[in-house]
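Working notes, structure below.
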Amino acid sequence: MKLSKVVGIALILALPGVACIEALDNSIKPLKRATLTDDWRDEVVYQLLVDRFANGDVNNDYQVVSGALARYQGGDWRGIINHFDYLTALGVTTIWISPVVRNVETDADVDAYHGYWSQDLTQTNPHFGDLATLRLLVKRAHESGIKVLLDVVANHMGQVFFYDMNMNGKPDEYIAGTGTISPVTRTTEWDPDFDPRGIQAQTSLGVAGRAPIIFINDPLINRIPPRPAIFASAAAYHAFGRVLSYDDPKQVLLADFPGGLKDLATELPQVRTALIDAYVQWVKLVDFDGFRLDTVKHVEHDFWRVFSKGVRDRLAAEGKTNFMLVGEAFDGDDALLGSYTRPGELDSVFYFSQHFQVFRDVFEYANDPTKRRGTDQIASLWSTKKGNYGTAPQPGGIGLPPYKALMNIIENHDRPRFLFESNGNLAALRNALTLLMTEEGIPCIYYGSEQEFSGGNDPANREVLWKTAFSTEGGTFRHIARLAKIRQQYIALRRGDTTVRWSSAHVGTESDAGIFAFERGGGDVGNQKVLVVMNVSESQQSATERPGLGLTTAFAPGTILVDVLSETPRQVTVDRGGELHMQLPPQSAAILVPQNQVM
Ligand code: ABC
């Protein structure tokens with residue numbers, strides 16, 4: 001046996017948690033599973049990267065390189081268990097945790113701290129804890145009134161094999177061409193570029209058919225044949241090489257994900273069954289409340305229909321209903337996003353079109369006269385919701401029309417932070433948070449927003465939270481907590497329909513530049529109504545009026561409206577003509593409730 005392998009085995013045996021019980025082992029006593037929410041619009045979701053949130057167990061801090069954000073930092077499930085008070089103080093009612101399964105350890109000197117490089121779908125990632133700790137995490141969360149969403153990757157596995165393009169039995173990287181006579185090309189057998197024929201073997205005589213796929217066996221970095229066993233077979237993969245263009249539909253569906261993540265042949269019934277089995281089993285063992293589904297646009301629609309039905313049916317039989325299936329289709333195209341909530345598919349998707357067209361263009365760019373957009377862009381986007389996302393709840397799903405249950409995001413782990421993009425515009429961030437917490441749908445806060453983190457692109461946007469000492473004193477933390485409390489108090493802000501009362505293309509010095517107003521009410525909440533008025537202008541006090549026009553509300557003339565967001569008393573009265581004339585300072589908002597309904 002080679003020395004490196006011996007060292008590898010010795011190291012692995014010393015790792016905590018590696019001997020954890022397999023999730024597919026049916027001898028583990030199942031939990032009593034419960035449905036804990038009847039309306040997902042009541043939730044405030046908090047996305048956290050386990051490695052970055054809290055370090056509760058130093059015993060699993062192996063291969064940690066403190067301060068190197070592309071490496072493990074030491075966070076774990078025990079850390080989350082220790083900080084439910086922080087989450088509750090913020091107003092969080094659901095957490096979405098990064099993937100829990102065992103990963104390939106490292107690739108090109110970057111580590112799998114984020115959890116998206118699956119190696120074994122049946123075991124826990126020992127950096128985060130063992131199965132008992134994961135079960136305890138969800139149990140304690142439920143006892144604290146917090147639901148837990150599990151991050152699921154169905155599109156690919158980690159860097160578990162190489163394409164043996166030159167058929168010499170080992171992974172190579174080679175450069176061809178001189179650059180003077182023939183162009184220089186670099187090929188890596190770990191992650192070759194997309195080839196529409198499938199990755200080809202090459203000899204000096206030319207192509208030689210599909211390249212053999214060779215699974216690695218390097219326990220030192222946990223690059224060992226994947227599990228369940230079906231994923232250790234070449235037939236389970238598309239083997240077309242790495243995506244080069246997200247504009248080519250064939251590549252989007254068939255190519256490997258950048259970084260050598262191997263694309264699963266999700267159209268095969270056996271692959272589908274293996275994925276459903278593996279993730280249903282995690283719910284049976286751990287009692288998760290829903291899935292956040294990774295890379296949904298890289299998997300065919302038919303897979304999502306089969307997966308959704310399989311998961312819903314099997315969990316319902318276990319007593320778990322209202323199970324949330326929310327998909328990540330990272331795209332600004334609203335109609336494309338809506339295609340994943342077609343009948344039989346997902347309950348919800350992250351509202352990326354709003355992330356770009358509203359939180360970026362209107363709020364983040366507020367200080368940039370060349371890029372900023374008027375609030376009419378919000379109204380225009382929202383007007384396509386019903387048509388694009390659909391009005392019929394999914395059979396066996398969460399019981400809500402998808403257009404009412406979109407997951408709203410300002411930030412996430414794949415985008416630079418709001419404060420990075422806006423050059424530290426805190427007022428704009430807080431105003432954006434006000435919209436997030438009062439608009440229709442489900443608010444999802446990326447961990448660290450409350451601590452005013454300002455990191456740039458991945459991995460700089462994945463800061464270590466415990467360095468803040470979990471302070472609950474900061475202005476943005478308190479702002480979110482206040483908004484969460486208001487959302488909790490006023491059912492109209494959670495479940496009411498939306499009527500836009502004012503929007504404007506103006507972004508300069510016009511009287512209504514930056515004003516946006518909408519009412520929430522009616523529909524599922526009867527007569528209760530709340531009016532939200534915002535000014536996104538960074539420079540001027542604006543008003544709900546333009547020459548000859550005022551804001552019409554559903555409230556009767558003379559109704560006194562109280563701003564429940566303001567920390568100092570503020571009220572306005574609807575005038576005799578039924579209009580509301582109100583001035584708002586730059587980058588601020590009011591949440592107006594009729595005086596007789598204030599809680
Ligand atoms: C690592 C490094 C990166 C490096 C990469 C090659 O390797 O950190 O610096 O660039 C995980 C890790 C990452 C890691 C990758 C690969 O794995 O978190 O740190 O990157 O090893 C999901 C997850 C994400 C995860 C994966 C993989 C997928 O949220 O955390 O990454 O499991 C695409 C996918 C999307 C994916 C995202 C990262 O990449 O579709 O599912 N996220 C366009 C494309 C999108 C594309 C996006 C970003 O660019 O259309 O498909 O997302 O590359 C709008 C347009 C959009 C456009 C955006 C940018 O602009 O409408 O279409 O998106 O206006």
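To be explicit about the labels: the chains of the structure tokens are called A, B, and onward in the order shown, and within each one the residues are counted from 1, while ligands get numbers from 1 in the order they are shown.
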Give me, as a Markdown table, the closest atom pair and its distance (Å, one decimal) for every residue of chain A within a cut-off of 6 Å of ligand 1, counting only C-alpha atoms and all ligand atoms, rows sorted by chain and rising number.
| residue | atom | partner | partner_atom_place_in_ligand_line | distance |
| --- | --- | --- | --- | --- |
| A:His114 | CA | ligand 1 | 18 (O) | 5.5 |
| A:Tyr116 | CA | ligand 1 | 32 (O) | 4.5 |
| A:Tyr246 | CA | ligand 1 | 50 (O) | 5.5 |
| A:Pro258 | CA | ligand 1 | 6 (C) | 4.6 |
| A:Gly259 | CA | ligand 1 | 21 (O) | 4.5 |
| A:Asp294 | CA | ligand 1 | 22 (C) | 5.5 |
| A:Thr295 | CA | ligand 1 | 41 (O) | 3.5 |
| A:Ala329 | CA | ligand 1 | 41 (O) | 5.9 |
| A:Phe330 | CA | ligand 1 | 40 (O) | 4.9 |
| A:Asp331 | CA | ligand 1 | 62 (O) | 3.9 |
| A:Gly332 | CA | ligand 1 | 61 (O) | 3.4 |
| A:Asp333 | CA | ligand 1 | 61 (O) | 5.7 |
| A:Asp414 | CA | ligand 1 | 30 (O) | 5.5 |
| A:Asp458 | CA | ligand 1 | 8 (O) | 5.4 |
| A:Pro459 | CA | ligand 1 | 8 (O) | 5.7 |
Restricted to N, CA and C atoms, what would the selected residues look like written as a PDB file, in the first residue's frame?
ATOM      1  N   HIS A 114     -19.266  24.655   1.746  1.00  0.00           N
ATOM      2  CA  HIS A 114     -20.649  25.040   1.423  1.00  0.00           C
ATOM      3  C   HIS A 114     -21.563  23.831   1.305  1.00  0.00           C
ATOM      4  N   TYR A 116     -21.977  21.651  -1.424  1.00  0.00           N
ATOM      5  CA  TYR A 116     -22.617  21.347  -2.713  1.00  0.00           C
ATOM      6  C   TYR A 116     -21.863  20.304  -3.537  1.00  0.00           C
ATOM      7  N   TYR A 246     -24.590  29.316 -20.629  1.00  0.00           N
ATOM      8  CA  TYR A 246     -25.900  29.111 -20.029  1.00  0.00           C
ATOM      9  C   TYR A 246     -27.012  29.473 -21.009  1.00  0.00           C
ATOM     10  N   PRO A 258     -19.794  24.063 -13.469  1.00  0.00           N
ATOM     11  CA  PRO A 258     -18.423  24.568 -13.350  1.00  0.00           C
ATOM     12  C   PRO A 258     -17.759  24.113 -12.058  1.00  0.00           C
ATOM     13  N   GLY A 259     -16.513  23.687 -12.175  1.00  0.00           N
ATOM     14  CA  GLY A 259     -15.805  23.185 -11.004  1.00  0.00           C
ATOM     15  C   GLY A 259     -15.769  21.661 -10.993  1.00  0.00           C
ATOM     16  N   ASP A 294     -31.581  22.884  -5.291  1.00  0.00           N
ATOM     17  CA  ASP A 294     -30.486  23.549  -5.984  1.00  0.00           C
ATOM     18  C   ASP A 294     -30.621  23.378  -7.501  1.00  0.00           C
ATOM     19  N   THR A 295     -30.089  24.356  -8.246  1.00  0.00           N
ATOM     20  CA  THR A 295     -29.886  24.220  -9.698  1.00  0.00           C
ATOM     21  C   THR A 295     -31.104  23.676 -10.467  1.00  0.00           C
ATOM     22  N   ALA A 329     -33.883  28.637  -9.308  1.00  0.00           N
ATOM     23  CA  ALA A 329     -33.580  28.833 -10.727  1.00  0.00           C
ATOM     24  C   ALA A 329     -32.943  30.217 -10.775  1.00  0.00           C
ATOM     25  N   PHE A 330     -31.638  30.231 -10.874  1.00  0.00           N
ATOM     26  CA  PHE A 330     -30.890  31.501 -10.793  1.00  0.00           C
ATOM     27  C   PHE A 330     -31.015  32.183 -12.142  1.00  0.00           C
ATOM     28  N   ASP A 331     -32.011  33.049 -12.279  1.00  0.00           N
ATOM     29  CA  ASP A 331     -32.266  33.669 -13.568  1.00  0.00           C
ATOM     30  C   ASP A 331     -33.167  34.883 -13.395  1.00  0.00           C
ATOM     31  N   GLY A 332     -32.917  35.901 -14.214  1.00  0.00           N
ATOM     32  CA  GLY A 332     -33.747  37.103 -14.141  1.00  0.00           C
ATOM     33  C   GLY A 332     -35.019  36.995 -14.963  1.00  0.00           C
ATOM     34  N   ASP A 333     -35.174  35.915 -15.711  1.00  0.00           N
ATOM     35  CA  ASP A 333     -36.316  35.778 -16.614  1.00  0.00           C
ATOM     36  C   ASP A 333     -37.536  35.263 -15.834  1.00  0.00           C
ATOM     37  N   ASP A 414     -24.748  33.384  -3.440  1.00  0.00           N
ATOM     38  CA  ASP A 414     -24.142  33.393  -4.778  1.00  0.00           C
ATOM     39  C   ASP A 414     -23.996  34.800  -5.345  1.00  0.00           C
ATOM     40  N   ASP A 458     -18.699  35.520  -4.163  1.00  0.00           N
ATOM     41  CA  ASP A 458     -18.362  34.222  -3.578  1.00  0.00           C
ATOM     42  C   ASP A 458     -16.850  34.009  -3.658  1.00  0.00           C
ATOM     43  N   PRO A 459     -16.136  33.720  -2.552  1.00  0.00           N
ATOM     44  CA  PRO A 459     -16.646  33.421  -1.209  1.00  0.00           C
ATOM     45  C   PRO A 459     -16.634  34.603  -0.226  1.00  0.00           C
TER      46      PRO A 459
END
**Report entry** Residue contacts of segment 444-456 of chain A (10 Å, only C-alpha atoms) excluding same-chain residues fewer than 5 positions away, as a PyMOL selection string
**Finding:** chain A and resi 43-49+52-53+87+90+92+94-96+350+406-424+426+429-430+433+436-437+461-466+468+470-481
What are the closest atom pairs, with distances in Å to one decimal, for all residues of segment 45-110 of chain A lying within 9 Å of segment 211-232 of chain A? Consider only C-alpha atoms, order rows by chain and residue number, and present the result as JSON lines.
{"residue": "A:Arg102", "atom": "CA", "partner": "A:Asn222", "partner_atom": "CA", "distance": 8.7}
{"residue": "A:Asn103", "atom": "CA", "partner": "A:Asn222", "partner_atom": "CA", "distance": 7.3}
{"residue": "A:Val104", "atom": "CA", "partner": "A:Asn222", "partner_atom": "CA", "distance": 5.1}
{"residue": "A:Glu105", "atom": "CA", "partner": "A:Ile221", "partner_atom": "CA", "distance": 4.9}
{"residue": "A:Thr106", "atom": "CA", "partner": "A:Ile221", "partner_atom": "CA", "distance": 6.2}
{"residue": "A:Asp107", "atom": "CA", "partner": "A:Ile221", "partner_atom": "CA", "distance": 8.8}
**Report entry** Selected residue of minimal separation from Thr133 of chain A among A:Pro547, A:Gly56, A:Pro393, A:Gly198, counting only C-alpha atoms
**Finding:** A:Gly56
Each residue of segment 336-451 of chain A lying at most 9 Å from segment 516-531 of chain A should get a row with its shortest atom-to-atom pair and the distance in Å to one decimal, counting only C-alpha atoms; could you produce that, ordered by chain and increasing number, as a tab-separated table?
residue	atom	partner	partner_atom	distance
A:Thr375	CA	A:Phe516	CA	5.9
A:Asp376	CA	A:Phe516	CA	8.0
A:Ile378	CA	A:Phe516	CA	8.5
A:Ala379	CA	A:Phe516	CA	8.7
A:Thr438	CA	A:Arg520	CA	8.3
A:Glu439	CA	A:Arg520	CA	7.8
A:Glu440	CA	A:Arg520	CA	7.8
Report summary line: Students should find that atom CA of Leu337 of chain A and atom CA of Trp304 of chain A are spaced 13.4 Å
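Coordinates place atom CA of Lys284 of chain A at a distance of 7.9 Å from atom CA of Glu318 of chain A.
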Report task. Write out as number ranges by chain all residues of segment 430-471 of chain A that DSSP puts in strand (DSSP E or B) for this structure's backbone. Result -> A: 442-446
Query - All residues 9 Å or closer to Leu381 of chain A, only C-alpha atoms, same chain fewer than 6 positions away omitted, as a VMD selection string - result: chain A and resid 334 353 to 354 357 to 358
Pull N, CA and C atoms from the residues just selected and write them as a PDB file, in the first residue's frame.
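Output contents, as saved in selection16.pdb:
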ATOM      1  N   ASP A 334     -38.510  36.165 -15.649  1.00  0.00           N
ATOM      2  CA  ASP A 334     -39.660  35.854 -14.801  1.00  0.00           C
ATOM      3  C   ASP A 334     -40.466  34.662 -15.327  1.00  0.00           C
ATOM      4  N   SER A 353     -36.168  37.259 -10.336  1.00  0.00           N
ATOM      5  CA  SER A 353     -36.455  38.407 -11.206  1.00  0.00           C
ATOM      6  C   SER A 353     -36.642  39.653 -10.347  1.00  0.00           C
ATOM      7  N   GLN A 354     -37.286  39.494  -9.204  1.00  0.00           N
ATOM      8  CA  GLN A 354     -37.456  40.641  -8.298  1.00  0.00           C
ATOM      9  C   GLN A 354     -36.118  41.033  -7.669  1.00  0.00           C
ATOM     10  N   GLN A 357     -34.592  43.026 -10.639  1.00  0.00           N
ATOM     11  CA  GLN A 357     -35.321  44.205 -11.142  1.00  0.00           C
ATOM     12  C   GLN A 357     -35.760  45.164 -10.047  1.00  0.00           C
ATOM     13  N   VAL A 358     -35.871  44.669  -8.831  1.00  0.00           N
ATOM     14  CA  VAL A 358     -36.337  45.531  -7.740  1.00  0.00           C
ATOM     15  C   VAL A 358     -35.218  45.791  -6.729  1.00  0.00           C
TER      16      VAL A 358
END
Requested in this report: List the neighbours of Gly75 of chain A out to 10 Å using only C-alpha atoms; skip same-chain residues closer than 3 positions along the sequence, and give me the result as a PyMOL selection string.
Outcome: chain A and resi 49-58+60-61+64+72+78-80+113+127-129+464-466
Store the residues picked out above in a file with N, CA, C and O atoms, as an mmCIF file, in the first residue's frame.
data_model
loop_
_atom_site.group_PDB
_atom_site.id
_atom_site.type_symbol
_atom_site.label_atom_id
_atom_site.label_comp_id
_atom_site.auth_asym_id
_atom_site.auth_seq_id
_atom_site.Cartn_x
_atom_site.Cartn_y
_atom_site.Cartn_z
ATOM 1 N N LEU A 49 -25.314 29.391 6.092
ATOM 2 C CA LEU A 49 -24.300 28.397 5.754
ATOM 3 C C LEU A 49 -23.809 27.834 7.078
ATOM 4 O O LEU A 49 -23.317 28.586 7.931
ATOM 5 N N VAL A 50 -23.962 26.535 7.237
ATOM 6 C CA VAL A 50 -23.645 25.906 8.518
ATOM 7 C C VAL A 50 -22.205 26.224 8.934
ATOM 8 O O VAL A 50 -21.929 26.563 10.087
ATOM 9 N N ASP A 51 -21.285 26.178 7.975
ATOM 10 C CA ASP A 51 -19.867 26.403 8.284
ATOM 11 C C ASP A 51 -19.592 27.821 8.765
ATOM 12 O O ASP A 51 -18.541 28.086 9.351
ATOM 13 N N ARG A 52 -20.527 28.736 8.537
ATOM 14 C CA ARG A 52 -20.255 30.145 8.828
ATOM 15 C C ARG A 52 -21.097 30.723 9.963
ATOM 16 O O ARG A 52 -20.892 31.868 10.369
ATOM 17 N N PHE A 53 -22.096 29.981 10.439
ATOM 18 C CA PHE A 53 -23.040 30.580 11.393
ATOM 19 C C PHE A 53 -22.519 30.531 12.827
ATOM 20 O O PHE A 53 -22.421 31.559 13.506
ATOM 21 N N ALA A 54 -22.207 29.346 13.311
ATOM 22 C CA ALA A 54 -21.745 29.241 14.705
ATOM 23 C C ALA A 54 -20.941 27.971 14.882
ATOM 24 O O ALA A 54 -21.299 26.921 14.338
ATOM 25 N N ASN A 55 -19.881 28.041 15.663
ATOM 26 C CA ASN A 55 -19.039 26.874 15.940
ATOM 27 C C ASN A 55 -19.334 26.387 17.349
ATOM 28 O O ASN A 55 -18.920 26.990 18.330
ATOM 29 N N GLY A 56 -20.064 25.267 17.422
ATOM 30 C CA GLY A 56 -20.458 24.776 18.740
ATOM 31 C C GLY A 56 -19.641 23.581 19.207
ATOM 32 O O GLY A 56 -19.793 23.137 20.338
ATOM 33 N N ASP A 57 -18.797 23.027 18.315
ATOM 34 C CA ASP A 57 -18.063 21.813 18.684
ATOM 35 C C ASP A 57 -16.676 21.848 18.050
ATOM 36 O O ASP A 57 -16.523 21.591 16.852
ATOM 37 N N VAL A 58 -15.679 22.139 18.855
ATOM 38 C CA VAL A 58 -14.319 22.248 18.305
ATOM 39 C C VAL A 58 -13.781 20.880 17.888
ATOM 40 O O VAL A 58 -12.812 20.797 17.133
ATOM 41 N N ASN A 60 -14.891 18.841 15.794
ATOM 42 C CA ASN A 60 -14.971 18.581 14.349
ATOM 43 C C ASN A 60 -14.273 19.670 13.521
ATOM 44 O O ASN A 60 -14.505 19.784 12.318
ATOM 45 N N ASP A 61 -13.400 20.427 14.167
ATOM 46 C CA ASP A 61 -12.701 21.502 13.445
ATOM 47 C C ASP A 61 -11.440 21.011 12.749
ATOM 48 O O ASP A 61 -10.357 21.567 12.943
ATOM 49 N N VAL A 64 -9.584 23.088 9.152
ATOM 50 C CA VAL A 64 -10.069 24.468 9.201
ATOM 51 C C VAL A 64 -8.886 25.387 8.920
ATOM 52 O O VAL A 64 -7.805 25.192 9.455
ATOM 53 N N TYR A 72 -12.861 25.525 5.096
ATOM 54 C CA TYR A 72 -13.741 25.374 6.269
ATOM 55 C C TYR A 72 -13.337 26.368 7.360
ATOM 56 O O TYR A 72 -12.148 26.603 7.605
ATOM 57 N N ARG A 78 -24.138 21.886 15.988
ATOM 58 C CA ARG A 78 -24.182 22.179 17.421
ATOM 59 C C ARG A 78 -24.218 23.701 17.640
ATOM 60 O O ARG A 78 -24.896 24.205 18.518
ATOM 61 N N GLY A 79 -23.498 24.425 16.796
ATOM 62 C CA GLY A 79 -23.483 25.884 16.894
ATOM 63 C C GLY A 79 -24.883 26.466 16.700
ATOM 64 O O GLY A 79 -25.292 27.397 17.410
ATOM 65 N N ILE A 80 -25.616 25.912 15.749
ATOM 66 C CA ILE A 80 -26.984 26.428 15.523
ATOM 67 C C ILE A 80 -27.841 26.135 16.748
ATOM 68 O O ILE A 80 -28.595 27.008 17.220
ATOM 69 N N TYR A 113 -16.783 23.486 2.051
ATOM 70 C CA TYR A 113 -17.416 24.038 3.254
ATOM 71 C C TYR A 113 -18.890 24.385 3.027
ATOM 72 O O TYR A 113 -19.696 24.444 3.951
ATOM 73 N N HIS A 127 -17.786 17.358 9.117
ATOM 74 C CA HIS A 127 -17.385 18.703 9.558
ATOM 75 C C HIS A 127 -18.492 19.373 10.368
ATOM 76 O O HIS A 127 -18.239 20.310 11.116
ATOM 77 N N PHE A 128 -19.732 18.913 10.148
ATOM 78 C CA PHE A 128 -20.870 19.603 10.769
ATOM 79 C C PHE A 128 -21.459 18.844 11.946
ATOM 80 O O PHE A 128 -22.233 19.415 12.717
ATOM 81 N N GLY A 129 -21.137 17.552 12.050
ATOM 82 C CA GLY A 129 -21.665 16.768 13.165
ATOM 83 C C GLY A 129 -22.117 15.401 12.695
ATOM 84 O O GLY A 129 -21.936 15.047 11.534
ATOM 85 N N VAL A 464 -17.927 34.998 8.403
ATOM 86 C CA VAL A 464 -18.080 34.237 9.645
ATOM 87 C C VAL A 464 -18.946 35.055 10.614
ATOM 88 O O VAL A 464 -18.555 36.136 11.042
ATOM 89 N N LEU A 465 -20.102 34.502 10.944
ATOM 90 C CA LEU A 465 -21.042 35.285 11.760
ATOM 91 C C LEU A 465 -20.605 35.421 13.211
ATOM 92 O O LEU A 465 -20.840 36.451 13.846
ATOM 93 N N TRP A 466 -19.944 34.373 13.754
ATOM 94 C CA TRP A 466 -19.663 34.426 15.191
ATOM 95 C C TRP A 466 -18.677 35.530 15.549
ATOM 96 O O TRP A 466 -18.575 35.907 16.698
#
**Report entry** All helix (DSSP H, G or I) positions in segment 84-257 of chain A, as an MDAnalysis selection string
**Finding:** chainID A and resid 84:90 131:143 219:221 229:232 234:236 249:254
Residues as selected, N, CA and C atoms, written as a compact mmCIF listing (two decimals), in the first residue's frame, can you do that?
# COMPACT_ATOMS: atom_id res chain seq x y z
N PHE A 84 -30.44 29.45 19.03
CA PHE A 84 -31.84 29.70 18.67
C PHE A 84 -32.35 31.02 19.24
N ASP A 85 -31.79 31.42 20.39
CA ASP A 85 -32.23 32.69 20.97
C ASP A 85 -31.95 33.86 20.03
N TYR A 86 -30.81 33.80 19.35
CA TYR A 86 -30.44 34.86 18.39
C TYR A 86 -31.46 34.90 17.26
N LEU A 87 -31.80 33.72 16.74
CA LEU A 87 -32.73 33.64 15.62
C LEU A 87 -34.12 34.11 16.03
N THR A 88 -34.52 33.69 17.21
CA THR A 88 -35.84 34.09 17.70
C THR A 88 -35.91 35.59 17.94
N ALA A 89 -34.82 36.16 18.46
CA ALA A 89 -34.80 37.62 18.70
C ALA A 89 -34.93 38.38 17.38
N LEU A 90 -34.40 37.78 16.32
CA LEU A 90 -34.48 38.45 15.01
C LEU A 90 -35.88 38.30 14.40
N LEU A 131 -25.29 12.20 12.81
CA LEU A 131 -26.74 12.14 12.62
C LEU A 131 -27.49 12.50 13.90
N ALA A 132 -26.96 12.06 15.03
CA ALA A 132 -27.64 12.37 16.30
C ALA A 132 -27.71 13.89 16.51
N THR A 133 -26.65 14.59 16.17
CA THR A 133 -26.65 16.05 16.36
C THR A 133 -27.61 16.72 15.39
N LEU A 134 -27.65 16.20 14.16
CA LEU A 134 -28.57 16.78 13.17
C LEU A 134 -30.02 16.58 13.62
N ARG A 135 -30.29 15.41 14.14
CA ARG A 135 -31.65 15.15 14.64
C ARG A 135 -31.97 16.08 15.81
N LEU A 136 -30.98 16.26 16.66
CA LEU A 136 -31.20 17.14 17.81
C LEU A 136 -31.44 18.58 17.35
N LEU A 137 -30.69 18.98 16.32
CA LEU A 137 -30.87 20.34 15.79
C LEU A 137 -32.33 20.57 15.38
N VAL A 138 -32.87 19.64 14.60
CA VAL A 138 -34.24 19.85 14.11
C VAL A 138 -35.25 19.72 15.26
N LYS A 139 -34.98 18.81 16.17
CA LYS A 139 -35.89 18.65 17.31
C LYS A 139 -35.93 19.95 18.14
N ARG A 140 -34.75 20.47 18.45
CA ARG A 140 -34.69 21.71 19.25
C ARG A 140 -35.28 22.88 18.48
N ALA A 141 -35.04 22.91 17.17
CA ALA A 141 -35.62 23.98 16.36
C ALA A 141 -37.14 23.93 16.48
N HIS A 142 -37.70 22.75 16.31
CA HIS A 142 -39.15 22.62 16.39
C HIS A 142 -39.66 23.04 17.76
N GLU A 143 -38.93 22.68 18.79
CA GLU A 143 -39.35 23.08 20.15
C GLU A 143 -39.33 24.61 20.31
N PRO A 219 -9.16 8.26 -0.28
CA PRO A 219 -9.85 8.53 0.98
C PRO A 219 -9.32 9.78 1.70
N LEU A 220 -8.07 10.14 1.41
CA LEU A 220 -7.48 11.29 2.10
C LEU A 220 -8.34 12.54 1.92
N ILE A 221 -8.92 12.70 0.74
CA ILE A 221 -9.77 13.87 0.50
C ILE A 221 -11.22 13.43 0.24
N ALA A 229 -24.96 3.27 -4.32
CA ALA A 229 -24.08 2.60 -5.28
C ALA A 229 -24.38 2.96 -6.73
N ILE A 230 -25.62 3.26 -7.04
CA ILE A 230 -25.95 3.57 -8.43
C ILE A 230 -25.14 4.76 -8.95
N PHE A 231 -24.74 5.65 -8.06
CA PHE A 231 -23.99 6.83 -8.48
C PHE A 231 -22.51 6.53 -8.70
N ALA A 232 -22.11 5.29 -8.43
CA ALA A 232 -20.73 4.88 -8.73
C ALA A 232 -20.67 4.17 -10.07
N ALA A 234 -20.91 4.67 -14.33
CA ALA A 234 -20.80 5.68 -15.39
C ALA A 234 -22.16 5.98 -16.01
N ALA A 235 -23.03 4.98 -16.04
CA ALA A 235 -24.33 5.15 -16.70
C ALA A 235 -25.21 6.18 -16.00
N ALA A 236 -24.89 6.53 -14.77
CA ALA A 236 -25.72 7.48 -14.03
C ALA A 236 -25.42 8.94 -14.40
N PRO A 249 -29.57 25.64 -24.35
CA PRO A 249 -30.43 24.76 -23.52
C PRO A 249 -29.86 23.36 -23.32
N LYS A 250 -29.15 22.85 -24.33
CA LYS A 250 -28.59 21.50 -24.20
C LYS A 250 -27.53 21.49 -23.10
N GLN A 251 -26.69 22.51 -23.09
CA GLN A 251 -25.64 22.58 -22.05
C GLN A 251 -26.25 22.78 -20.67
N VAL A 252 -27.27 23.63 -20.61
CA VAL A 252 -27.89 23.90 -19.31
C VAL A 252 -28.37 22.59 -18.69
N LEU A 253 -28.90 21.69 -19.51
CA LEU A 253 -29.46 20.44 -18.97
C LEU A 253 -28.44 19.31 -18.84
N LEU A 254 -27.48 19.26 -19.75
CA LEU A 254 -26.64 18.06 -19.82
C LEU A 254 -25.21 18.25 -19.31
Report task. Within 10 Å of Arg314 of chain A, counting only C-alpha atoms, which residues show up once you throw out same-chain ones fewer than 4 positions away? Write them as a count of residues only, please. Result -> 11
